[in-house]
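Participant: Input: one structure, supplied below.
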Amino acid sequence: ARNQPALITLDINLPDKDGYEICRELKEDPVTRDIPVLHISASYVEATDRARGLEGGADAYLAEPVNRLELLATVKALLRMRQAQREARFKAAEAEVARKQLQDANESLESRVRLRTAELERERRDVQDLSSQLLQAQEDERRRISRELHDGTGQLLVALTLNLSRLKAE
């Protein structure tokens, strides 16, 4: 069984252990659990015997005398079942690889989004600081212009007042 045959045919009536126990051992061993087991028996042919074999892990159970066509059909069905199980495990492994790749891609994307978000937040604060500085510069310039206008206008008014006083005096 450790050489991984495609199928094991197993009689129930054996000298050292019965086939039920051997089947249980095969199905408990991770190396041999996926090998299909076909019980064949001439001694244990009752429905309870078949049920015991199937419940113990056998994949099929035939009672002797075995019809040749039934044996071939059962063997083919078991081999198809094993192939389907292999394909399902392969697909599951592929799906796990794809899931891991998707998880890695999501983590990478989340990291990039966090970095870009932090960068945008820094840029937003820079724009806010620049806007604040621009408003302050505009206010400073408005005050400077107001002072110049005030000072210039004040000087002009003083000069006009003096001129007007002199004109009145003359």
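Identifiers for the structure tokens are assigned positionally: chains receive A, B, ... in sequence, residues are indexed from 1 per chain, and ligands are indexed from 1 in the order shown.
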Just want the 12 Å neighbourhood of Ala47 (chain A), counted on only C-alpha atoms, with same-chain residues fewer than 6 positions away dropped. Output as a ChimeraX atom specification.

Facilitator: /A:53-55,61-63

Participant: Go ahead and write the residues just picked, C-alpha atoms, as an mmCIF file, in the first residue's frame.

Facilitator:
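Saved the output as again_39.cif:
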```cif
data_model
loop_
_atom_site.group_PDB
_atom_site.id
_atom_site.type_symbol
_atom_site.label_atom_id
_atom_site.label_comp_id
_atom_site.auth_asym_id
_atom_site.auth_seq_id
_atom_site.Cartn_x
_atom_site.Cartn_y
_atom_site.Cartn_z
ATOM 1 C CA GLY A 53 -17.095 -2.558 5.501
ATOM 2 C CA LEU A 54 -18.325 0.723 4.023
ATOM 3 C CA GLU A 55 -18.597 2.370 7.436
ATOM 4 C CA TYR A 61 -18.005 -3.793 -1.347
ATOM 5 C CA LEU A 62 -18.735 -6.749 -3.599
ATOM 6 C CA ALA A 63 -19.888 -10.215 -2.570
#
```

Participant: So that I can see what lies close to Gly56 (chain A), please list as a list in words the residues with an atom at most 8 Å from it, counting only C-alpha atoms and leaving out residues fewer than 6 positions away in the same chain.

Facilitator: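 After dropping sequence-adjacent residues, the list is Tyr20, Glu21, Cys23 and Arg24 of chain A.
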
Participant: Just the helix (DSSP H, G or I) stuff from region 21-169 of chain A, please, per backbone DSSP, written as a count of residues only.

Facilitator: 119

Participant: Would you mind reading off the distance between CA of Leu10 (chain A) and CA of Glu28 (chain A), one decimal, in Å?

Facilitator: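 Calculated distance between CA of Leu10 (chain A) and CA of Glu28 (chain A) is 16.0 Å.
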
Participant: Among region 38-119 of chain A, which ones does DSSP place in strand (DSSP E or B), written as a list in words?

Facilitator: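 Assigned to strand (DSSP E or B), within region 38-119 of chain A: Leu38, His39, Ile40, Ser41, Ala60, Tyr61, Leu62 and Ala63 of chain A.
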
Participant: Of the residues A:Asp18, A:Glu96, A:Glu119, A:Asp11, which is the one nearest to Ala60 (chain A), using only C-alpha atoms?

Facilitator: A:Asp11

Participant: If we count only C-alpha atoms and set the cut-off at 8 Å, which residues sit around Ile12 (chain A), ignoring sequence neighbours fewer than 4 positions away in its own chain? Please answer as number ranges by chain.

Facilitator: A: 18-20, 39-41, 43-44

Participant: Would you put the residues from that selection into a file with N, CA and C atoms, as a short mmCIF file (atom, residue, chain, number, x, y, z; two decimals), in the first residue's frame?

Facilitator:
```cif
data_model
loop_
_atom_site.label_atom_id
_atom_site.label_comp_id
_atom_site.auth_asym_id
_atom_site.auth_seq_id
_atom_site.Cartn_x
_atom_site.Cartn_y
_atom_site.Cartn_z
N ASP A 18 -8.65 -9.26 10.20
CA ASP A 18 -9.71 -9.26 9.18
C ASP A 18 -9.55 -8.04 8.28
N GLY A 19 -10.18 -8.09 7.15
CA GLY A 19 -10.09 -7.02 6.17
C GLY A 19 -10.66 -5.70 6.67
N TYR A 20 -11.63 -5.78 7.60
CA TYR A 20 -12.19 -4.55 8.17
C TYR A 20 -11.10 -3.75 8.89
N HIS A 39 -13.62 -3.95 -0.96
CA HIS A 39 -13.76 -5.22 -0.23
C HIS A 39 -14.43 -6.23 -1.15
N ILE A 40 -13.89 -7.43 -1.15
CA ILE A 40 -14.50 -8.55 -1.87
C ILE A 40 -14.53 -9.72 -0.89
N SER A 41 -15.70 -10.34 -0.75
CA SER A 41 -15.79 -11.44 0.20
C SER A 41 -16.80 -12.47 -0.27
N SER A 43 -17.39 -14.90 2.16
CA SER A 43 -17.89 -15.32 3.47
C SER A 43 -18.82 -14.29 4.09
N TYR A 44 -18.49 -13.02 3.95
CA TYR A 44 -19.26 -11.94 4.57
C TYR A 44 -20.07 -11.23 3.48
#
```

Participant: Excluding region 1-3 of chain A and residues on its chain fewer than 3 positions from it, collect all residues at most 12 Å away from it, counting only C-alpha atoms, and give them as a ChimeraX atom specification.

Facilitator: /A:6-10,22-23,25-27,29-37

Participant: What does the structure give for the distance between CA of Ala42 (chain A) and CA of Leu14 (chain A), in Å to one decimal?

Facilitator: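 Between CA of Ala42 (chain A) and CA of Leu14 (chain A) the gap is 11.7 Å.
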
Participant: Which one is closest to Met81 (chain A): A:Asp59, A:Leu102, A:Leu167, A:Val97? Count only C-alpha atoms.

Facilitator: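 Looking at the shortest contact to Met81 (chain A), the residue is A:Asp59.
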
Participant: Could you check how far CA of Val45 (chain A) sits from CA of Asn13 (chain A), in Å to one decimal?

Facilitator: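 Taking CA of Val45 (chain A) and CA of Asn13 (chain A), their separation equals 11.3 Å.
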